[in-house]
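Reproduced below: my_file_2.tsv, with TSV, C-alpha atoms and all ligand atoms.
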```tsv
chain	number	residue	atom	x	y	z
A	105	MET	CA	90.47	89.88	83.75
A	106	ASN	CA	87.32	91.87	84.41
A	107	ILE	CA	86.03	92.73	80.95
A	108	GLU	CA	82.68	93.88	79.56
A	109	HIS	CA	82.05	93.50	75.83
A	110	LEU	CA	79.73	96.16	74.44
A	111	SER	CA	77.90	95.79	71.14
A	112	ASP	CA	79.04	99.05	69.55
A	113	LEU	CA	80.66	102.45	70.24
A	114	GLU	CA	77.37	103.97	71.38
A	115	ALA	CA	76.87	101.25	74.01
A	116	LEU	CA	80.50	101.62	75.08
A	117	THR	CA	80.06	105.38	75.39
A	118	GLU	CA	76.89	105.09	77.44
A	119	ARG	CA	78.45	102.49	79.76
A	120	ALA	CA	81.62	104.52	80.26
A	121	ALA	CA	79.63	107.66	81.07
A	122	GLU	CA	77.37	105.71	83.44
A	123	LEU	CA	80.36	104.30	85.33
A	124	PHE	CA	82.09	107.69	85.42
A	125	VAL	CA	79.00	109.27	87.00
A	126	ALA	CA	78.50	106.45	89.51
A	127	ILE	CA	82.12	106.61	90.67
A	128	MET	CA	82.01	110.41	90.77
A	129	ARG	CA	78.89	110.50	92.93
A	130	GLN	CA	80.15	107.78	95.27
A	131	SER	CA	83.54	109.48	95.68
A	132	VAL	CA	81.92	112.82	96.53
A	133	GLU	CA	79.56	111.12	98.98
A	134	ASP	CA	82.39	109.17	100.65
A	135	ARG	CA	85.23	111.71	100.58
A	136	GLY	CA	83.75	115.03	99.51
A	137	ARG	CA	85.64	115.10	96.22
A	138	PHE	CA	86.33	113.17	93.01
A	139	LEU	CA	89.87	112.72	91.76
A	140	VAL	CA	89.91	111.65	88.11
A	141	ALA	CA	92.68	111.24	85.55
A	142	LEU	CA	91.35	111.56	82.00
A	143	SER	CA	92.68	109.50	79.15
A	144	GLY	CA	93.70	111.04	75.86
A	145	GLY	CA	93.32	109.74	72.33
A	146	ASN	CA	90.05	109.45	70.40
A	147	THR	CA	88.15	106.65	72.10
A	148	PRO	CA	87.06	108.51	75.24
A	149	LYS	CA	85.89	111.61	73.34
A	150	PRO	CA	82.27	110.43	72.83
A	151	ALA	CA	82.04	109.55	76.53
A	152	TYR	CA	83.30	113.02	77.49
A	153	GLU	CA	80.74	114.55	75.11
A	154	ARG	CA	78.06	112.37	76.71
A	155	LEU	CA	79.01	113.62	80.17
A	156	ALA	CA	78.49	117.20	78.99
A	157	ARG	CA	74.89	116.49	77.94
A	158	PRO	CA	71.68	115.87	79.97
A	159	PRO	CA	70.95	114.12	82.24
A	160	TYR	CA	74.57	114.66	83.27
A	161	GLY	CA	76.17	118.03	82.44
A	162	ASP	CA	75.91	120.52	85.26
A	163	SER	CA	73.71	118.22	87.33
A	164	LEU	CA	77.00	116.63	88.38
A	165	PRO	CA	79.10	118.04	91.26
A	166	TRP	CA	81.93	119.33	89.04
A	167	ASP	CA	82.98	121.80	91.73
A	168	CYS	CA	84.09	118.73	93.75
A	169	ALA	CA	85.98	117.20	90.81
A	170	LEU	CA	89.75	117.54	90.37
A	171	ILE	CA	90.65	116.78	86.77
A	172	TYR	CA	94.11	115.42	85.93
A	173	PHE	CA	95.50	113.75	82.81
A	174	GLY	CA	97.14	110.35	82.49
A	175	ASP	CA	99.44	111.74	79.85
A	176	GLU	CA	99.95	114.56	77.37
A	177	ARG	CA	101.64	115.05	74.08
A	178	MET	CA	104.27	117.82	74.06
A	179	VAL	CA	102.34	120.17	71.82
A	180	PRO	CA	100.68	123.55	72.46
A	181	CYS	CA	97.33	123.22	74.24
A	182	ASP	CA	95.58	124.58	71.13
A	183	SER	CA	97.04	121.83	68.95
A	184	ASP	CA	94.67	119.20	67.53
A	185	GLU	CA	97.08	116.63	69.01
A	186	SER	CA	96.59	117.94	72.55
A	187	ASN	CA	94.75	115.64	74.97
A	188	TYR	CA	93.86	118.71	77.01
A	189	LYS	CA	92.30	120.40	73.97
A	190	MET	CA	90.29	117.25	73.21
A	191	ALA	CA	89.00	117.16	76.78
A	192	CYS	CA	88.12	120.87	76.67
A	193	GLU	CA	86.28	120.67	73.37
A	194	SER	CA	84.34	117.53	74.33
A	195	LEU	CA	83.65	118.24	78.02
A	196	LEU	CA	85.49	120.88	80.04
A	197	ASN	CA	84.32	123.87	78.00
A	198	HIS	CA	80.70	122.73	78.42
A	199	ILE	CA	80.44	122.29	82.19
A	200	ASP	CA	80.63	124.65	85.12
A	201	ILE	CA	83.95	123.62	86.67
A	202	PRO	CA	86.36	125.98	88.43
A	203	ALA	CA	89.53	126.59	86.38
A	204	TRP	CA	91.67	125.75	89.41
A	205	ASN	CA	90.20	122.24	89.42
A	206	LEU	CA	91.91	121.52	86.08
A	207	HIS	CA	95.43	120.13	86.31
A	208	ARG	CA	96.80	119.97	82.80
A	209	ILE	CA	100.26	118.92	81.75
A	210	HIS	CA	102.05	121.88	80.12
A	211	GLY	CA	102.60	120.45	76.68
A	212	GLU	CA	103.99	123.75	75.46
A	213	ASP	CA	106.98	123.51	77.83
A	214	ASN	CA	110.24	121.60	77.59
A	215	VAL	CA	109.39	117.92	78.21
A	216	SER	CA	111.67	117.58	81.26
A	217	GLU	CA	110.29	120.75	82.85
A	218	ALA	CA	106.69	119.76	82.15
A	219	ALA	CA	107.31	116.35	83.71
A	220	ARG	CA	108.97	117.91	86.76
A	221	LEU	CA	106.09	120.32	87.30
A	222	TYR	CA	103.49	117.58	86.94
A	223	ASP	CA	105.43	115.37	89.33
A	224	VAL	CA	105.36	118.24	91.86
A	225	ASP	CA	101.61	118.67	91.30
A	226	LEU	CA	100.95	114.97	91.87
A	227	ARG	CA	103.14	114.89	95.01
A	228	ALA	CA	101.22	117.88	96.39
A	229	LEU	CA	97.97	116.00	95.79
A	230	ALA	CA	99.34	112.97	97.63
A	231	GLN	CA	100.53	115.08	100.55
A	232	GLU	CA	96.98	116.37	101.10
A	233	THR	CA	96.18	112.92	102.44
A	234	GLY	CA	99.61	112.22	103.91
A	235	GLU	CA	100.30	109.57	101.30
A	236	ALA	CA	103.34	108.96	99.11
A	237	LEU	CA	101.10	108.49	96.07
A	238	PRO	CA	97.89	110.25	95.02
A	239	ARG	CA	94.95	107.85	95.05
A	240	PHE	CA	92.72	108.63	92.09
A	241	ASP	CA	89.08	107.66	92.41
A	242	LEU	CA	88.99	106.99	88.69
A	243	MET	CA	91.90	106.39	86.32
A	244	LEU	CA	90.65	106.39	82.72
A	245	LEU	CA	92.96	104.63	80.27
A	246	GLY	CA	93.06	103.52	76.66
A	247	ILE	CA	95.25	101.08	74.78
A	248	GLY	CA	97.06	101.38	71.49
A	249	PRO	CA	97.56	98.64	68.90
A	250	ASP	CA	101.09	98.25	70.30
A	251	ALA	CA	99.51	97.75	73.77
A	252	HIS	CA	100.78	101.06	75.15
A	253	THR	CA	98.63	102.89	77.69
A	254	ALA	CA	98.87	106.53	78.71
A	255	SER	CA	102.32	107.26	77.27
A	256	LEU	CA	103.84	104.05	78.61
A	257	PHE	CA	105.13	102.74	75.30
A	258	PRO	CA	106.96	99.47	74.58
A	259	GLY	CA	110.72	99.75	74.87
A	260	THR	CA	110.76	103.04	76.79
A	261	VAL	CA	112.68	103.51	80.03
A	262	VAL	CA	109.61	105.01	81.72
A	263	LEU	CA	108.21	101.46	81.99
A	264	ASP	CA	110.72	100.80	84.77
A	265	ASN	CA	110.47	104.20	86.44
A	266	THR	CA	109.05	103.64	89.91
A	267	ARG	CA	110.74	106.72	91.39
A	268	ASP	CA	108.83	109.53	89.68
A	269	LEU	CA	105.07	110.12	89.64
A	270	ALA	CA	105.30	111.77	86.22
A	271	ALA	CA	108.05	111.37	83.64
A	272	GLY	CA	109.06	112.61	80.22
A	273	VAL	CA	108.99	110.17	77.31
A	274	ARG	CA	110.93	110.51	74.07
A	275	LEU	CA	109.72	108.16	71.33
A	276	PRO	CA	111.68	106.96	68.31
A	277	ASP	CA	110.16	108.00	65.00
A	278	THR	CA	109.29	104.33	64.43
A	279	SER	CA	107.00	104.26	67.49
A	280	GLU	CA	103.25	104.24	66.93
A	281	GLY	CA	102.95	107.12	69.36
A	282	ALA	CA	105.26	109.27	67.25
A	283	LEU	CA	102.38	109.76	64.83
A	284	HIS	CA	100.93	112.22	67.36
A	285	ALA	CA	104.01	113.43	69.23
A	286	THR	CA	107.54	112.12	69.77
A	287	GLU	CA	107.75	113.76	73.18
A	288	ARG	CA	105.23	113.18	75.97
A	289	VAL	CA	104.68	113.34	79.69
A	290	THR	CA	103.00	110.41	81.40
A	291	MET	CA	101.93	109.29	84.83
A	292	THR	CA	104.05	106.31	85.87
A	293	TYR	CA	102.82	102.89	86.94
A	294	PRO	CA	102.94	103.63	90.69
A	295	VAL	CA	100.36	106.40	90.23
A	296	LEU	CA	98.17	104.34	87.91
A	297	ASP	CA	98.27	101.37	90.28
A	298	ALA	CA	97.34	103.44	93.35
A	299	SER	CA	93.90	104.21	91.87
A	300	ARG	CA	90.68	103.04	93.48
A	301	GLN	CA	89.05	102.31	90.11
A	302	THR	CA	90.85	101.85	86.81
A	303	LEU	CA	88.73	101.82	83.69
A	304	PHE	CA	90.12	100.95	80.27
A	305	VAL	CA	87.85	102.11	77.44
A	306	VAL	CA	88.73	100.32	74.21
A	307	ALA	CA	87.18	100.50	70.76
A	308	GLY	CA	88.24	99.25	67.36
A	309	ASP	CA	89.33	95.97	65.89
A	310	ASP	CA	92.86	97.37	65.60
A	311	LYS	CA	93.18	96.81	69.36
A	312	ALA	CA	92.28	93.11	69.22
A	313	GLU	CA	95.86	91.81	69.20
A	314	ALA	CA	96.91	94.15	72.01
A	315	LEU	CA	93.91	93.07	74.06
A	316	SER	CA	94.67	89.39	73.55
A	317	ARG	CA	98.24	90.01	74.74
A	318	VAL	CA	96.89	91.62	77.88
A	319	GLU	CA	94.46	88.76	78.44
A	320	ALA	CA	97.35	86.31	78.06
A	321	GLY	CA	99.32	88.20	80.70
A	322	ASP	CA	102.05	89.19	78.26
A	323	MET	CA	104.17	91.50	80.40
A	324	SER	CA	105.83	92.96	77.32
A	325	ALA	CA	102.48	94.66	76.74
A	326	PRO	CA	102.60	97.89	78.80
A	327	ALA	CA	98.82	97.88	79.39
A	328	ALA	CA	99.12	94.41	80.94
A	329	ARG	CA	101.39	95.83	83.62
A	330	VAL	CA	98.66	98.08	85.06
A	331	ARG	CA	97.97	96.23	88.31
A	332	PRO	CA	95.99	98.22	90.91
A	333	THR	CA	97.49	97.51	94.33
A	334	ASP	CA	94.20	98.12	96.15
A	335	GLY	CA	91.61	98.95	93.55
A	336	ASP	CA	89.32	97.64	90.87
A	337	LEU	CA	90.22	97.19	87.20
A	338	LEU	CA	87.57	96.97	84.50
A	339	TRP	CA	87.91	96.81	80.72
A	340	LEU	CA	85.08	98.13	78.55
A	341	VAL	CA	85.58	96.83	75.02
A	342	CYS	CA	83.80	97.04	71.73
A	343	ASP	CA	85.50	95.70	68.64
A	344	THR	CA	83.71	97.83	66.04
B	1	LIG	C1	97.52	109.29	74.02
B	1	LIG	C2	96.64	108.46	74.90
B	1	LIG	C3	96.87	107.02	74.57
B	1	LIG	C4	95.55	106.47	74.05
B	1	LIG	C5	95.79	105.29	73.18
B	1	LIG	C6	94.50	104.89	72.47
B	1	LIG	O1	97.95	110.36	74.44
B	1	LIG	O2	97.71	108.88	72.86
B	1	LIG	O3	96.70	108.72	76.20
B	1	LIG	O4	97.34	106.20	75.60
B	1	LIG	O5	94.70	106.13	75.14
B	1	LIG	O6	96.77	105.64	72.21
B	1	LIG	O7	94.16	105.97	71.63
B	1	LIG	P1	92.77	105.94	70.79
B	1	LIG	O8	91.69	106.02	71.81
B	1	LIG	O9	92.85	107.16	69.93
B	1	LIG	O10	92.75	104.66	70.02
```
Take the structure in this file and express it as structure tokens.
Ligand code: 6PG
Amino acid sequence: MNIEHLSDLEALTERAAELFVAIMRQSVEDRGRFLVALSGGNTPKPAYERLARPPYGDSLPWDCALIYFGDERMVPCDSDESNYKMACESLLNHIDIPAWNLHRIHGEDNVSEAARLYDVDLRALAQETGEALPRFDLMLLGIGPDAHTASLFPGTVVLDNTRDLAAGVRLPDTSEGALHATERVTMTYPVLDASRQTLFVVAGDDKAEALSRVEAGDMSAPAARVRPTDGDLLWLVCDT
């Protein structure tokens, strides 16, 4: 398992931003665009804020970047629980990026309809290159203490969904994820695994057990089941 241990959150943030920029620039040079799926939650927020500041900010080719989301909570996009709102407040509102480059999941809709629409969006992206699956240049992911990633939570049927590119998730009230939203839309494993570069960004000692399960290859840990078919997988971890 390819893992980098960083000394603290600031070092993790800098490293994540540095990798984001390097992958972005290489993708634009190689293919004329940068396909990225942003992670939600709190951990990536400092890295998004870092990307909005010099020397990055509008020096980056945001007009070539297509921004998607690995998952979304089924809440209005102005809710403090919205991954889209977090991304806007930390990054998207502070850079010059065309609105049509942003592909959010419609958290305000019915969960099944939002999943269907996002599935259609992802299939359209794949069809641009004649592929069955979209191939993201960068898939940003986090991990929860229960070892979920995106909204692929333990015990949910979406873990075995290899048919859809995006799917609705309904969590029991006992699930860790229910603290933020009991209904979600998530990319499924086939989309995650088609990525060129997958980057987990992990902070906090509350993730230690989940991380050790992944390192042990515990397939009951959803994050352990992210296995790029033809891409690189790197974990950036700080345990403070
Ligand atoms: C979500 C995220 C989720 C997140 C983990 C870690 O919508 O909740 O996509 O998968 O990455 O829960 O969250 P923190 O970074 O807040 O610990």
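Remark: for ligand LIG 1 (chain B), the closest of the candidate residues A:Met323, A:Val215, A:Ala254, A:Val289 is A:Ala254 (distances computed over all atoms listed in the file).
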Mind checking which residues fall within 9 Å of region 126-130 of chain A, counting all atoms listed in the file, ignoring those fewer than 5 positions away in the same chain, and posting them as a PyMOL selection string? chain A and resi 121+135+137-140+164-165+169+241-242+301
Just checking: using only C-alpha atoms, which residue out of A:Ile247, A:Ala120, A:Leu237, A:Cys342 ends up closest to Asn146 (chain A)?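 Among the listed residues, A:Ile247 lies closest to Asn146 (chain A).
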Residues proximal to (94.6, 112.8, 81.8) were defined as those with any atom within 9 Å of that point in the file's coordinates, counting all atoms listed in the file. Which are they, as a VMD selection string? chain A and resid 140 to 144 171 to 176 187 to 188 191 207 to 209 243 to 245 254 290 to 291
Point-to-point distance from CA of Ala271 (chain A) to CA of Lys189 (chain A), Å rounded to tenths: 20.6 Å
Long-range neighbours of region 179-183 of chain A as number ranges by chain, 9 Å cut-off, all atoms listed in the file, 5 positions minimum in chain: A: 188-189, 210-213, 285, 287-288
What does the structure give for the distance between CA of Pro159 (chain A) and CA of Leu123 (chain A), in Å to one decimal?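 Between CA of Pro159 (chain A) and CA of Leu123 (chain A) the gap works out to 13.9 Å.
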Set the distance at 9 Å and use only C-alpha atoms: which residues neighbour Ile201 (chain A) once local chain neighbours fewer than 2 positions away are removed? I'd like the list as a short mmCIF file (atom, residue, chain, number, x, y, z; two decimals) with C-alpha atoms, keeping the file's coordinate frame.
```cif
data_model
loop_
_atom_site.label_atom_id
_atom_site.label_comp_id
_atom_site.auth_asym_id
_atom_site.auth_seq_id
_atom_site.Cartn_x
_atom_site.Cartn_y
_atom_site.Cartn_z
CA ASP A 162 75.91 120.52 85.26
CA PRO A 165 79.10 118.04 91.26
CA TRP A 166 81.93 119.33 89.04
CA ASP A 167 82.98 121.80 91.73
CA CYS A 168 84.09 118.73 93.75
CA ALA A 169 85.98 117.20 90.81
CA LEU A 196 85.49 120.88 80.04
CA ASN A 197 84.32 123.87 78.00
CA HIS A 198 80.70 122.73 78.42
CA ILE A 199 80.44 122.29 82.19
CA ALA A 203 89.53 126.59 86.38
CA TRP A 204 91.67 125.75 89.41
CA ASN A 205 90.20 122.24 89.42
CA LEU A 206 91.91 121.52 86.08
#
```
Close residues, Arg317 (chain A) itself excluded, 8 Å, all atoms listed in the file, min 5 positions apart in chain, as a PyMOL selection string: chain A and resi 251+322+325+328
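Ranking A:Leu170, A:Ala307, A:Leu113, A:Leu263 by their shortest atom-to-atom distance to ligand LIG 1 (chain B), with all atoms listed in the file included, puts A:Ala307 first.
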Rounded to one decimal in Å, what is the spacing between CA of Gly246 (chain A) and CA of Leu315 (chain A)?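 Interatomic distance, CA of Gly246 (chain A) to CA of Leu315 (chain A): 10.8 Å.
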With only C-alpha atoms as the atoms that count, which of A:Leu221, A:Ala320, A:Val261, A:Val330 lies nearest to Ala298 (chain A)?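 With only C-alpha atoms as the atom set, the closest residue is A:Val330.
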Hey, which of A:Met178, A:Val305, A:Met105, A:Leu116 ends up closest to Gly248 (chain A)? Count only C-alpha atoms.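 Ranked by minimum distance to Gly248 (chain A), first place goes to A:Val305.
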For region 329-334 of chain A, take all atoms listed in the file, fit an axis-aligned box around them, add 5 Å to each of the six sides, then output centre and edge lengths in Å rounded to one decimal, as JSON.
```
{"center_x": 97.8, "center_y": 97.0, "center_z": 89.9, "size_x": 17.2, "size_y": 12.4, "size_z": 22.5}
```
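Distance check against ligand LIG 1 (chain B) using all atoms listed in the file: of A:Asp264, A:Asp334, A:Glu232, A:Asp184, the minimum falls on A:Asp184.
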Residues within 10 Å of His109 (chain A), please, as a ChimeraX atom specification. Count all atoms listed in the file; anything in the same chain fewer than 3 positions from it doesn't count. /A:112,115-116,306,339-343
Working from the structure I just supplied, which lacks atoms in region 205-216 of chain A, can you model all heavy atoms there and output them as a PDB file, in the frame of the given file?
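Ended up saving to part.pdb:
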```pdb
ATOM      1  N   ASN A 205      90.378 123.693  89.254  1.00  0.00           N
ATOM      2  CA  ASN A 205      90.200 122.240  89.420  1.00  0.00           C
ATOM      3  C   ASN A 205      90.853 121.447  88.280  1.00  0.00           C
ATOM      4  O   ASN A 205      90.856 120.215  88.307  1.00  0.00           O
ATOM      5  CB  ASN A 205      88.695 121.882  89.446  1.00  0.00           C
ATOM      6  CG  ASN A 205      88.035 122.240  90.761  1.00  0.00           C
ATOM      7  OD1 ASN A 205      88.461 123.188  91.432  1.00  0.00           O
ATOM      8  ND2 ASN A 205      87.000 121.511  91.140  1.00  0.00           N
ATOM      9  N   LEU A 206      91.331 122.183  87.262  1.00  0.00           N
ATOM     10  CA  LEU A 206      91.910 121.520  86.080  1.00  0.00           C
ATOM     11  C   LEU A 206      93.431 121.502  86.216  1.00  0.00           C
ATOM     12  O   LEU A 206      94.058 122.555  86.333  1.00  0.00           O
ATOM     13  CB  LEU A 206      91.502 122.262  84.805  1.00  0.00           C
ATOM     14  CG  LEU A 206      90.001 122.494  84.602  1.00  0.00           C
ATOM     15  CD1 LEU A 206      89.748 123.197  83.267  1.00  0.00           C
ATOM     16  CD2 LEU A 206      89.231 121.181  84.674  1.00  0.00           C
ATOM     17  N   HIS A 207      93.991 120.312  86.175  1.00  0.00           N
ATOM     18  CA  HIS A 207      95.430 120.130  86.310  1.00  0.00           C
ATOM     19  C   HIS A 207      96.000 119.549  85.024  1.00  0.00           C
ATOM     20  O   HIS A 207      96.128 118.337  84.886  1.00  0.00           O
ATOM     21  CB  HIS A 207      95.743 119.212  87.504  1.00  0.00           C
ATOM     22  CG  HIS A 207      95.338 119.807  88.819  1.00  0.00           C
ATOM     23  ND1 HIS A 207      96.263 120.324  89.702  1.00  0.00           N
ATOM     24  CD2 HIS A 207      94.113 120.003  89.390  1.00  0.00           C
ATOM     25  CE1 HIS A 207      95.619 120.789  90.776  1.00  0.00           C
ATOM     26  NE2 HIS A 207      94.322 120.603  90.606  1.00  0.00           N
ATOM     27  N   ARG A 208      96.289 120.460  84.079  1.00  0.00           N
ATOM     28  CA  ARG A 208      96.800 119.970  82.800  1.00  0.00           C
ATOM     29  C   ARG A 208      98.311 119.839  82.846  1.00  0.00           C
ATOM     30  O   ARG A 208      98.981 120.485  83.663  1.00  0.00           O
ATOM     31  CB  ARG A 208      96.373 120.888  81.639  1.00  0.00           C
ATOM     32  CG  ARG A 208      97.105 122.218  81.579  1.00  0.00           C
ATOM     33  CD  ARG A 208      96.639 123.038  80.388  1.00  0.00           C
ATOM     34  NE  ARG A 208      97.358 124.310  80.291  1.00  0.00           N
ATOM     35  CZ  ARG A 208      98.481 124.470  79.584  1.00  0.00           C
ATOM     36  NH1 ARG A 208      98.979 123.460  78.896  1.00  0.00           N
ATOM     37  NH2 ARG A 208      99.114 125.630  79.567  1.00  0.00           N
ATOM     38  N   ILE A 209      98.825 119.035  81.958  1.00  0.00           N
ATOM     39  CA  ILE A 209     100.260 118.920  81.750  1.00  0.00           C
ATOM     40  C   ILE A 209     100.649 119.984  80.714  1.00  0.00           C
ATOM     41  O   ILE A 209      99.975 120.119  79.699  1.00  0.00           O
ATOM     42  CB  ILE A 209     100.625 117.509  81.251  1.00  0.00           C
ATOM     43  CG1 ILE A 209     100.212 116.446  82.280  1.00  0.00           C
ATOM     44  CG2 ILE A 209     102.125 117.420  80.934  1.00  0.00           C
ATOM     45  CD1 ILE A 209     100.242 115.016  81.755  1.00  0.00           C
ATOM     46  N   HIS A 210     101.705 120.736  80.984  1.00  0.00           N
ATOM     47  CA  HIS A 210     102.050 121.880  80.120  1.00  0.00           C
ATOM     48  C   HIS A 210     102.797 121.417  78.870  1.00  0.00           C
ATOM     49  O   HIS A 210     104.021 121.437  78.801  1.00  0.00           O
ATOM     50  CB  HIS A 210     102.857 122.906  80.915  1.00  0.00           C
ATOM     51  CG  HIS A 210     101.997 123.640  81.901  1.00  0.00           C
ATOM     52  ND1 HIS A 210     101.918 125.006  81.957  1.00  0.00           N
ATOM     53  CD2 HIS A 210     101.140 123.189  82.862  1.00  0.00           C
ATOM     54  CE1 HIS A 210     101.069 125.369  82.903  1.00  0.00           C
ATOM     55  NE2 HIS A 210     100.589 124.273  83.469  1.00  0.00           N
ATOM     56  N   GLY A 211     102.011 121.000  77.910  1.00  0.00           N
ATOM     57  CA  GLY A 211     102.600 120.450  76.680  1.00  0.00           C
ATOM     58  C   GLY A 211     103.428 121.445  75.893  1.00  0.00           C
ATOM     59  O   GLY A 211     104.221 121.073  75.032  1.00  0.00           O
ATOM     60  N   GLU A 212     103.251 122.735  76.207  1.00  0.00           N
ATOM     61  CA  GLU A 212     103.990 123.750  75.460  1.00  0.00           C
ATOM     62  C   GLU A 212     105.403 123.946  75.997  1.00  0.00           C
ATOM     63  O   GLU A 212     106.236 124.600  75.389  1.00  0.00           O
ATOM     64  CB  GLU A 212     103.225 125.085  75.495  1.00  0.00           C
ATOM     65  CG  GLU A 212     103.164 125.767  76.866  1.00  0.00           C
ATOM     66  CD  GLU A 212     102.057 125.218  77.767  1.00  0.00           C
ATOM     67  OE1 GLU A 212     101.506 124.132  77.455  1.00  0.00           O
ATOM     68  OE2 GLU A 212     101.756 125.876  78.778  1.00  0.00           O
ATOM     69  N   ASP A 213     105.660 123.342  77.188  1.00  0.00           N
ATOM     70  CA  ASP A 213     106.980 123.510  77.830  1.00  0.00           C
ATOM     71  C   ASP A 213     107.985 122.487  77.319  1.00  0.00           C
ATOM     72  O   ASP A 213     107.644 121.572  76.559  1.00  0.00           O
ATOM     73  CB  ASP A 213     106.836 123.335  79.363  1.00  0.00           C
ATOM     74  CG  ASP A 213     106.096 124.502  80.023  1.00  0.00           C
ATOM     75  OD1 ASP A 213     105.906 125.521  79.339  1.00  0.00           O
ATOM     76  OD2 ASP A 213     105.695 124.357  81.197  1.00  0.00           O
ATOM     77  N   ASN A 214     109.205 122.638  77.788  1.00  0.00           N
ATOM     78  CA  ASN A 214     110.240 121.600  77.590  1.00  0.00           C
ATOM     79  C   ASN A 214     109.750 120.311  78.280  1.00  0.00           C
ATOM     80  O   ASN A 214     109.211 120.393  79.392  1.00  0.00           O
ATOM     81  CB  ASN A 214     111.531 122.122  78.210  1.00  0.00           C
ATOM     82  CG  ASN A 214     112.550 121.028  78.482  1.00  0.00           C
ATOM     83  OD1 ASN A 214     112.417 120.291  79.489  1.00  0.00           O
ATOM     84  ND2 ASN A 214     113.501 120.874  77.592  1.00  0.00           N
ATOM     85  N   VAL A 215     109.961 119.166  77.689  1.00  0.00           N
ATOM     86  CA  VAL A 215     109.390 117.920  78.210  1.00  0.00           C
ATOM     87  C   VAL A 215     109.883 117.618  79.638  1.00  0.00           C
ATOM     88  O   VAL A 215     109.080 117.217  80.498  1.00  0.00           O
ATOM     89  CB  VAL A 215     109.661 116.731  77.259  1.00  0.00           C
ATOM     90  CG1 VAL A 215     111.143 116.494  77.039  1.00  0.00           C
ATOM     91  CG2 VAL A 215     108.969 115.468  77.739  1.00  0.00           C
ATOM     92  N   SER A 216     111.149 117.863  79.907  1.00  0.00           N
ATOM     93  CA  SER A 216     111.670 117.580  81.260  1.00  0.00           C
ATOM     94  C   SER A 216     111.043 118.512  82.295  1.00  0.00           C
ATOM     95  O   SER A 216     110.666 118.087  83.391  1.00  0.00           O
ATOM     96  CB  SER A 216     113.198 117.707  81.281  1.00  0.00           C
ATOM     97  OG  SER A 216     113.762 116.809  80.347  1.00  0.00           O
TER      98      SER A 216
END
```
